[in-house]
>>> print(open('entry36.txt').read())   # compact mmCIF, C-alpha atoms
# COMPACT_ATOMS: atom_id res chain seq x y z
CA MET R 1 193.27 121.18 148.85
CA ALA R 2 192.10 119.77 145.50
CA PHE R 3 195.37 118.03 144.59
CA ALA R 4 197.62 115.44 146.19
CA ARG R 5 200.76 116.78 147.77
CA PRO R 6 203.93 115.43 146.17
CA THR R 7 205.70 112.50 147.80
CA LEU R 8 208.99 113.52 149.41
CA LEU R 9 211.93 111.39 148.21
CA THR R 10 215.23 110.82 149.95
CA GLY R 11 216.87 109.94 146.63
CA ILE R 12 216.20 109.07 143.01
CA SER R 13 216.95 105.42 143.78
CA GLU R 14 213.36 105.23 145.06
CA LEU R 15 212.18 105.68 141.46
CA SER R 16 214.55 103.25 139.76
CA GLU R 17 212.05 100.40 139.68
CA ALA R 18 209.13 102.52 138.45
CA TYR R 19 210.76 104.35 135.51
CA ASP R 20 213.14 103.46 132.69
CA GLY R 21 213.53 106.92 131.14
CA PHE R 22 214.69 110.10 132.88
CA ILE R 23 214.43 113.63 131.47
CA ILE R 24 216.70 115.77 133.63
CA ASP R 25 217.16 119.54 133.82
CA LEU R 26 220.66 121.02 134.06
CA PHE R 27 220.79 124.42 135.83
CA GLY R 28 219.93 124.02 139.51
CA VAL R 29 219.75 120.22 139.21
CA VAL R 30 222.98 118.88 137.69
CA HIS R 31 225.08 122.03 138.13
CA ASN R 32 224.87 125.65 139.28
CA GLY R 33 226.22 127.14 136.07
CA GLU R 34 229.77 127.02 137.38
CA THR R 35 230.33 123.62 139.00
CA ALA R 36 228.57 120.26 138.90
CA PHE R 37 226.92 118.86 142.00
CA ALA R 38 228.78 115.75 143.17
CA GLY R 39 225.55 114.02 144.11
CA ALA R 40 224.16 114.64 140.63
CA ILE R 41 227.13 113.05 138.88
CA ASP R 42 226.85 110.05 141.17
CA CYS R 43 223.12 109.80 140.44
CA LEU R 44 223.66 109.91 136.68
CA ALA R 45 226.29 107.18 136.98
CA HIS R 46 223.87 104.96 138.93
CA LEU R 47 221.09 105.46 136.38
CA ILE R 48 223.29 104.60 133.41
CA ALA R 49 224.80 101.61 135.22
CA ARG R 50 221.30 100.24 135.74
CA GLY R 51 220.44 100.52 132.05
CA LYS R 52 218.20 103.55 132.41
CA ARG R 53 218.00 106.02 129.53
CA VAL R 54 218.78 109.62 130.37
CA VAL R 55 218.08 112.77 128.36
CA LEU R 56 219.37 116.10 129.62
CA LEU R 57 216.89 118.84 128.69
CA SER R 58 217.99 122.44 129.20
CA ASN R 59 216.62 125.89 128.44
CA SER R 60 220.12 127.02 127.54
CA PRO R 61 220.16 129.42 124.56
CA ARG R 62 223.26 127.65 123.21
CA ARG R 63 223.88 124.85 120.71
CA LYS R 64 224.04 121.42 122.28
CA GLN R 65 227.72 120.89 121.42
CA GLU R 66 228.68 124.01 123.35
CA VAL R 67 226.67 122.81 126.35
CA SER R 68 228.19 119.34 126.03
CA ASP R 69 231.68 120.86 126.10
CA HIS R 70 230.72 122.87 129.19
CA LEU R 71 229.47 119.73 130.91
CA LEU R 72 232.67 117.89 130.03
CA GLY R 73 234.63 120.67 131.70
CA MET R 74 232.61 119.98 134.84
CA GLY R 75 233.42 116.28 134.74
CA ILE R 76 230.23 115.12 133.00
CA SER R 77 231.05 113.26 129.80
CA ASP R 78 228.49 111.97 127.31
CA ALA R 79 228.83 108.56 128.97
CA PHE R 80 226.51 109.90 131.65
CA TYR R 81 223.57 110.53 129.28
CA ASP R 82 221.94 109.24 126.11
CA GLY R 83 220.83 112.57 124.71
CA LEU R 84 221.22 116.31 125.21
CA ILE R 85 218.58 118.81 124.08
CA THR R 86 218.84 122.58 124.48
CA SER R 87 216.35 125.29 123.67
CA GLY R 88 219.09 126.92 121.62
CA GLU R 89 219.44 123.80 119.48
CA LEU R 90 215.66 123.77 118.95
CA VAL R 91 215.86 127.36 117.71
CA PHE R 92 218.72 126.50 115.37
CA GLU R 93 216.81 123.54 113.94
CA ALA R 94 213.66 125.58 113.38
CA LEU R 95 215.45 128.46 111.68
CA SER R 96 217.85 126.39 109.60
CA GLY R 97 215.31 123.78 108.50
CA THR R 98 217.38 120.86 109.79
CA GLU R 99 214.32 119.27 111.42
CA SER R 100 211.68 117.35 109.48
CA GLY R 101 209.17 120.14 110.15
CA GLY R 102 211.06 122.42 107.79
CA ARG R 103 212.40 125.92 108.12
CA LEU R 104 210.48 128.53 110.11
CA GLN R 105 209.76 131.31 107.62
CA LEU R 106 210.54 134.68 109.23
CA GLY R 107 212.81 136.42 106.73
CA ARG R 108 216.58 136.55 106.53
CA ARG R 109 217.56 139.48 108.77
CA PHE R 110 217.43 139.33 112.56
CA TYR R 111 218.17 141.66 115.43
CA HIS R 112 219.77 139.97 118.43
CA MET R 113 218.82 140.92 121.99
CA GLY R 114 221.23 139.42 124.49
CA PRO R 115 224.93 139.02 125.32
CA LYS R 116 227.16 139.14 122.25
CA VAL R 117 228.61 135.71 123.04
CA LEU R 118 225.17 134.16 122.52
CA SER R 119 224.74 135.60 119.02
CA LYS R 120 226.72 132.66 117.60
CA LEU R 121 223.60 130.55 118.15
CA MET R 122 222.47 131.77 114.73
CA ALA R 123 225.66 130.82 112.88
CA GLY R 124 224.81 128.35 110.13
CA THR R 125 221.10 129.16 109.96
CA GLY R 126 221.46 131.24 106.79
CA LYS R 127 220.22 134.29 108.69
CA ARG R 128 222.06 137.61 108.86
CA ALA R 129 222.40 139.78 111.95
CA VAL R 130 221.60 143.48 111.54
CA PRO R 131 222.67 146.26 113.92
CA ALA R 132 219.32 148.07 114.09
CA VAL R 133 215.71 147.07 114.65
CA LYS R 134 214.62 149.08 111.63
CA ASP R 135 216.52 146.69 109.34
CA ALA R 136 215.28 143.44 110.91
CA ASP R 137 212.65 140.91 109.81
CA PHE R 138 212.50 139.32 113.26
CA VAL R 139 214.12 139.43 116.71
CA VAL R 140 216.04 136.71 118.55
CA VAL R 141 216.28 137.13 122.31
CA THR R 142 218.82 135.00 124.18
CA GLY R 143 219.19 136.89 127.46
CA THR R 144 219.67 140.21 129.16
CA LEU R 145 222.42 142.78 128.91
CA GLU R 146 223.65 143.90 132.32
CA GLU R 147 224.80 147.24 130.89
CA GLN R 148 221.36 147.97 129.38
CA THR R 149 218.94 149.96 131.51
CA LEU R 150 215.30 148.98 131.84
CA ALA R 151 214.30 152.17 130.04
CA GLU R 152 216.61 151.32 127.12
CA ARG R 153 215.22 147.80 126.93
CA GLU R 154 211.65 149.07 127.04
CA ALA R 155 212.34 151.51 124.21
CA LEU R 156 213.87 148.70 122.16
CA LEU R 157 210.87 146.44 122.72
CA HIS R 158 208.48 149.19 121.69
CA ALA R 159 210.54 149.79 118.55
CA CYS R 160 210.21 146.08 117.72
CA HIS R 161 206.48 146.20 118.41
CA ASP R 162 206.04 149.28 116.20
CA ARG R 163 207.42 147.23 113.31
CA ALA R 164 205.38 144.15 114.32
CA LEU R 165 208.53 142.03 114.44
CA PRO R 166 208.04 138.42 115.59
CA MET R 167 210.30 137.48 118.50
CA ILE R 168 212.08 134.15 118.89
CA CYS R 169 212.75 133.35 122.55
CA ALA R 170 215.70 130.97 122.89
CA ASN R 171 215.29 130.51 126.65
CA PRO R 172 211.78 130.57 128.17
CA ASP R 173 213.15 130.72 131.74
CA LEU R 174 212.34 133.90 133.65
CA GLN R 175 215.32 133.60 135.98
CA VAL R 176 218.35 131.40 136.53
CA LEU R 177 220.77 130.89 139.39
CA ILE R 178 224.44 130.98 138.37
CA GLY R 179 226.45 130.34 141.49
CA ASP R 180 224.81 132.64 144.04
CA ARG R 181 223.62 135.17 141.44
CA ARG R 182 220.00 135.29 140.29
CA LEU R 183 219.87 136.55 136.70
CA GLU R 184 216.94 137.48 134.49
CA CYS R 185 216.55 135.29 131.40
CA ALA R 186 215.18 135.74 127.89
CA GLY R 187 211.75 134.49 128.93
CA ALA R 188 211.21 137.62 131.04
CA ILE R 189 211.94 139.82 128.02
CA ALA R 190 209.63 137.82 125.77
CA ALA R 191 206.87 137.99 128.39
CA ARG R 192 207.23 141.76 128.52
CA TYR R 193 207.09 141.93 124.71
CA GLU R 194 203.82 140.00 124.75
CA ALA R 195 202.51 142.29 127.49
CA ILE R 196 202.87 145.31 125.18
CA GLY R 197 201.18 143.43 122.33
CA GLY R 198 204.13 141.76 120.58
CA LYS R 199 204.19 138.20 119.29
CA ALA R 200 206.73 135.78 120.74
CA CYS R 201 207.56 132.19 119.78
CA TYR R 202 209.17 130.10 122.51
CA PHE R 203 211.53 127.15 122.20
CA GLY R 204 212.21 124.92 125.19
CA LYS R 205 210.42 124.07 128.42
CA PRO R 206 207.50 124.11 129.24
CA HIS R 207 206.51 123.85 125.57
CA ARG R 208 205.60 120.49 124.12
CA GLN R 209 208.14 120.44 121.30
CA ALA R 210 210.96 120.11 123.84
CA TYR R 211 209.36 117.13 125.55
CA ALA R 212 208.40 115.52 122.26
CA LYS R 213 212.05 115.72 121.23
CA ALA R 214 213.16 114.17 124.53
CA LEU R 215 210.59 111.37 124.28
CA GLY R 216 211.81 110.67 120.74
CA VAL R 217 215.34 110.16 122.04
CA LEU R 218 214.14 107.94 124.89
CA ALA R 219 211.94 105.91 122.52
CA MET R 220 209.61 104.72 125.24
CA PRO R 221 206.03 105.44 126.34
CA THR R 222 205.33 108.30 128.75
CA PRO R 223 204.30 106.04 131.70
CA SER R 224 207.88 104.75 131.75
CA VAL R 225 209.36 108.27 131.89
CA VAL R 226 209.86 110.78 134.70
CA CYS R 227 211.03 114.39 134.44
CA ILE R 228 213.34 115.90 137.09
CA GLY R 229 213.72 119.68 137.35
CA ASP R 230 213.76 122.64 139.72
CA GLY R 231 211.26 124.91 137.93
CA LEU R 232 207.53 124.61 138.55
CA ASN R 233 206.62 126.88 135.63
CA THR R 234 209.02 125.14 133.21
CA ASP R 235 210.10 121.60 134.14
CA VAL R 236 207.01 120.52 136.05
CA LEU R 237 204.43 122.38 133.96
CA GLY R 238 205.95 121.04 130.75
CA ALA R 239 205.96 117.51 132.08
CA ASN R 240 202.31 117.87 133.10
CA ARG R 241 201.36 119.07 129.61
CA SER R 242 203.08 116.07 128.06
CA GLY R 243 201.61 113.50 130.44
CA ILE R 244 204.92 112.78 132.18
CA ASP R 245 205.35 112.36 135.94
CA ALA R 246 207.54 115.07 137.49
CA VAL R 247 210.00 115.41 140.36
CA LEU R 248 210.52 118.91 141.73
CA VAL R 249 214.04 119.58 143.04
CA THR R 250 213.53 122.02 145.91
CA GLY R 251 217.18 123.04 146.20
CA GLY R 252 217.16 125.00 142.92
CA ILE R 253 215.40 128.13 141.70
CA HIS R 254 212.59 127.85 144.30
CA GLN R 255 214.90 127.13 147.25
CA SER R 256 214.36 130.44 149.05
CA GLU R 257 210.59 130.00 148.75
CA LEU R 258 210.24 126.31 149.56
CA ARG R 259 213.00 125.94 152.16
CA PRO R 260 213.16 129.38 153.80
CA TYR R 261 214.26 128.24 157.22
CA GLN R 262 217.86 127.91 158.31
CA GLU R 263 217.41 124.24 159.15
CA GLY R 264 216.09 123.63 155.63
CA HIS R 265 212.65 122.25 156.46
CA ILE R 266 210.11 122.45 153.66
CA ASP R 267 207.38 125.08 153.95
CA TRP R 268 204.47 122.90 152.85
CA LYS R 269 202.02 125.79 152.90
CA ARG R 270 204.21 127.62 150.42
CA VAL R 271 204.54 124.45 148.31
CA ASP R 272 200.74 124.34 148.04
CA GLU R 273 200.58 128.05 147.15
CA LEU R 274 203.18 127.77 144.38
CA ILE R 275 201.56 124.67 142.92
CA VAL R 276 198.28 126.55 142.68
CA MET R 277 199.98 129.70 141.36
CA TYR R 278 201.74 127.90 138.51
CA GLN R 279 199.11 125.18 138.06
CA ALA R 280 202.03 122.77 137.97
CA TYR R 281 201.78 119.49 139.85
CA PRO R 282 204.88 117.48 140.74
CA ARG R 283 204.25 113.89 141.75
CA PHE R 284 207.45 113.84 143.81
CA MET R 285 209.83 116.26 145.50
CA THR R 286 213.46 115.91 146.52
CA ASN R 287 216.06 118.33 147.84
CA SER R 288 218.63 117.53 145.14
CA LEU R 289 219.50 115.13 142.34
CA SER R 290 221.12 112.39 144.39
CA TRP R 291 220.94 108.63 144.41
>>> encode(input="entry36.txt", output="C-alpha cells")
Amino acid sequence: MAFARPTLLTGISELSEAYDGFIIDLFGVVHNGETAFAGAIDCLAHLIARGKRVVLLSNSPRRKQEVSDHLLGMGISDAFYDGLITSGELVFEALSGTESGGRLQLGRRFYHMGPKVLSKLMAGTGKRAVPAVKDADFVVVTGTLEEQTLAEREALLHACHDRALPMICANPDLQVLIGDRRLECAGAIAARYEAIGGKACYFGKPHRQAYAKALGVLAMPTPSVVCIGDGLNTDVLGANRSGIDAVLVTGGIHQSELRPYQEGHIDWKRVDELIVMYQAYPRFMTNSLSW
C-alpha cells in the first residue's frame, strides 16, 4: 500500500486544536435531504462556539438562498455557519457576470435538462429558456427526470452533441441519497455527454473554483483548514486538489461499500480499493459529523 490509511476519528472534537476553518458538505453529512442529523447540528454549534469558521459547501443545483431556507426549515439557521456556497450559485454567478471573472459567454438561449422546479436557477441571469434543443445556444443540466426513459435521454444528448452545444453541469455529483432513495444526479448526465464527445463545464466539487470560493470566505491559509464530506470523488478529491486536509464521512454515499456489515465495522480492504479507484486520499475518517 503506497499511501497512509486515514486516521479513524470518534468525533470532530479531535480536530478542534489543529484546524480553525471547516469546509463542510451538506447531503449525507449535515442532513439526508429531508431531515438534519442531530449530531451534525450539535457539532456545528460546538465549532461556532469555539470561534471556528465554518463554510457549508454543497453541490446543490439551487441558489444559496433557497438552500439556506431549506436548512432553516431543518433547524439550521445561519448562526451555525459563516458562509454557504452551492454549485447552483456558482453557475448563476458565472452566467450572470456577478463575479469578478465576468460573464461566461455562451449565448442567450438555453435548454434545461432536469426537474422543472430547478429551472428557476437561471432566473436573473439574462438568459432565456427555449423548449427545444434546436433553438438553444447551450444546455444547462440540473438533474434527472424520473419520467424520462434512458433511450429518450440518450436521444436528447445526441441531439445536443449534433449541434455541438456546450453543457453547463450545475451538480457534478453522480448520485445522491435523499432519505433512503439513491438518485442519479446531473454529473452522471454530463459524464455521459462527454463520453459521446460533448463538451461539459462543471461547477462545484471537486473543481477548484468551489474550494477557492470557500477559502476566500474563510480568509485563512490552507494548513488551517479541513474539509469534511462523504464523497471520495467530490469532497475528498477536491480537497486534495486544493491542498486541504480531508475527513471522509463513512455514513454517507459510500456507507454500503465501506460499512457493509450489520454491526457497522469498516471494511478496510474496501477503503483501500476505493481510495485507489478515485485517487482521493482522506487524512481522516469518521462515521458521521458529530462532536
>>> closest_residue(input="entry36.txt", among="R:Arg63, R:Ser77, R:Gly83, R:Lys205", to="Thr125 of chain R", atoms="only C-alpha atoms")
R:Arg63
>>> closest_residue(input="entry36.txt", among="R:Val176, R:Val91, R:Ile48, R:Leu106", to="Met122 of chain R", atoms="all atoms listed in the file")
R:Val91
>>> closest_residue(input="entry36.txt", among="R:Tyr281, R:Phe37, R:Phe27, R:Trp268", to="Ala246 of chain R", atoms="all atoms listed in the file")
R:Tyr281
>>> atom_distance(input="entry36.txt", atom1="atom CA of Val55 of chain R", atom2="atom CA of Ser242 of chain R")
15.4 Å
>>> closest_residue(input="entry36.txt", among="R:Ala280, R:Ile178, R:Pro6, R:Arg109", to="Leu26 of chain R", atoms="only C-alpha atoms")
R:Ile178
>>> closest_residue(input="entry36.txt", among="R:Met277, R:Leu218, R:Ala195, R:Ile41", to="Asn233 of chain R", atoms="only C-alpha atoms")
R:Met277
>>> closest_residue(input="entry36.txt", among="R:Leu232, R:Val67, R:Gln105, R:Cys227", to="Gln279 of chain R", atoms="only C-alpha atoms")
R:Leu232
>>> residues_near_point(input="entry36.txt", point="(217.2, 110.8, 133.8)", cutoff="6 Å", atoms="only C-alpha atoms", output="list in words")
Gly21, Phe22, Ile23, Ile24, Val54 and Val55 of chain R
>>> write_last_selection(input="entry36.txt", atoms="C-alpha atoms", output="PDB file, keeping the file's coordinate frame")
ATOM      1  CA  GLY R  21     213.530 106.920 131.140  1.00  0.00           C
ATOM      2  CA  PHE R  22     214.690 110.100 132.880  1.00  0.00           C
ATOM      3  CA  ILE R  23     214.430 113.630 131.470  1.00  0.00           C
ATOM      4  CA  ILE R  24     216.700 115.770 133.630  1.00  0.00           C
ATOM      5  CA  VAL R  54     218.780 109.620 130.370  1.00  0.00           C
ATOM      6  CA  VAL R  55     218.080 112.770 128.360  1.00  0.00           C
TER       7      VAL R  55
END
>>> residues_near_point(input="entry36.txt", point="(201.6, 121.1, 130.5)", cutoff="8 Å", atoms="only C-alpha atoms", output="list of chain:residue names")
R:Pro206, R:His207, R:Arg208, R:Val236, R:Leu237, R:Gly238, R:Ala239, R:Asn240, R:Arg241, R:Ser242, R:Gly243, R:Ala280
>>> write_last_selection(input="entry36.txt", atoms="C-alpha atoms", output="short mmCIF file (atom, residue, chain, number, x, y, z; two decimals), keeping the file's coordinate frame")
data_model
loop_
_atom_site.label_atom_id
_atom_site.label_comp_id
_atom_site.auth_asym_id
_atom_site.auth_seq_id
_atom_site.Cartn_x
_atom_site.Cartn_y
_atom_site.Cartn_z
CA PRO R 206 207.50 124.11 129.24
CA HIS R 207 206.51 123.85 125.57
CA ARG R 208 205.60 120.49 124.12
CA VAL R 236 207.01 120.52 136.05
CA LEU R 237 204.43 122.38 133.96
CA GLY R 238 205.95 121.04 130.75
CA ALA R 239 205.96 117.51 132.08
CA ASN R 240 202.31 117.87 133.10
CA ARG R 241 201.36 119.07 129.61
CA SER R 242 203.08 116.07 128.06
CA GLY R 243 201.61 113.50 130.44
CA ALA R 280 202.03 122.77 137.97
#
>>> residues_around(input="entry36.txt", residues="segment 146-159 of chain R", least_positions_apart="2", cutoff="12 Å", atoms="all atoms listed in the file", output="ChimeraX atom specification")
/R:111-116,132-136,138-141,143-144,161-167,183-185,188-200
>>> residues_around(input="entry36.txt", residues="Gly28 of chain R", least_positions_apart="5", cutoff="12 Å", atoms="all atoms listed in the file", output="PyMOL selection string")
chain R and resi 33-37+40+58-59+175-182+228-231+235+248-255+287-289
>>> atom_distance(input="entry36.txt", atom1="atom CA of Gly88 of chain R", atom2="atom CA of Met220 of chain R")
24.4 Å
>>> atom_distance(input="entry36.txt", atom1="atom CA of His46 of chain R", atom2="atom CA of Leu72 of chain R")
18.0 Å
>>> residues_around(input="entry36.txt", residues="Ser87 of chain R", least_positions_apart="5", cutoff="7 Å", atoms="only C-alpha atoms", output="mmCIF file with C-alpha atoms, keeping the file's coordinate frame")
data_model
loop_
_atom_site.group_PDB
_atom_site.id
_atom_site.type_symbol
_atom_site.label_atom_id
_atom_site.label_comp_id
_atom_site.auth_asym_id
_atom_site.auth_seq_id
_atom_site.Cartn_x
_atom_site.Cartn_y
_atom_site.Cartn_z
ATOM 1 C CA SER R 58 217.990 122.440 129.200
ATOM 2 C CA ASN R 59 216.620 125.890 128.440
ATOM 3 C CA SER R 60 220.120 127.020 127.540
ATOM 4 C CA PRO R 61 220.160 129.420 124.560
ATOM 5 C CA ALA R 170 215.700 130.970 122.890
ATOM 6 C CA ASN R 171 215.290 130.510 126.650
ATOM 7 C CA PHE R 203 211.530 127.150 122.200
ATOM 8 C CA GLY R 204 212.210 124.920 125.190
#
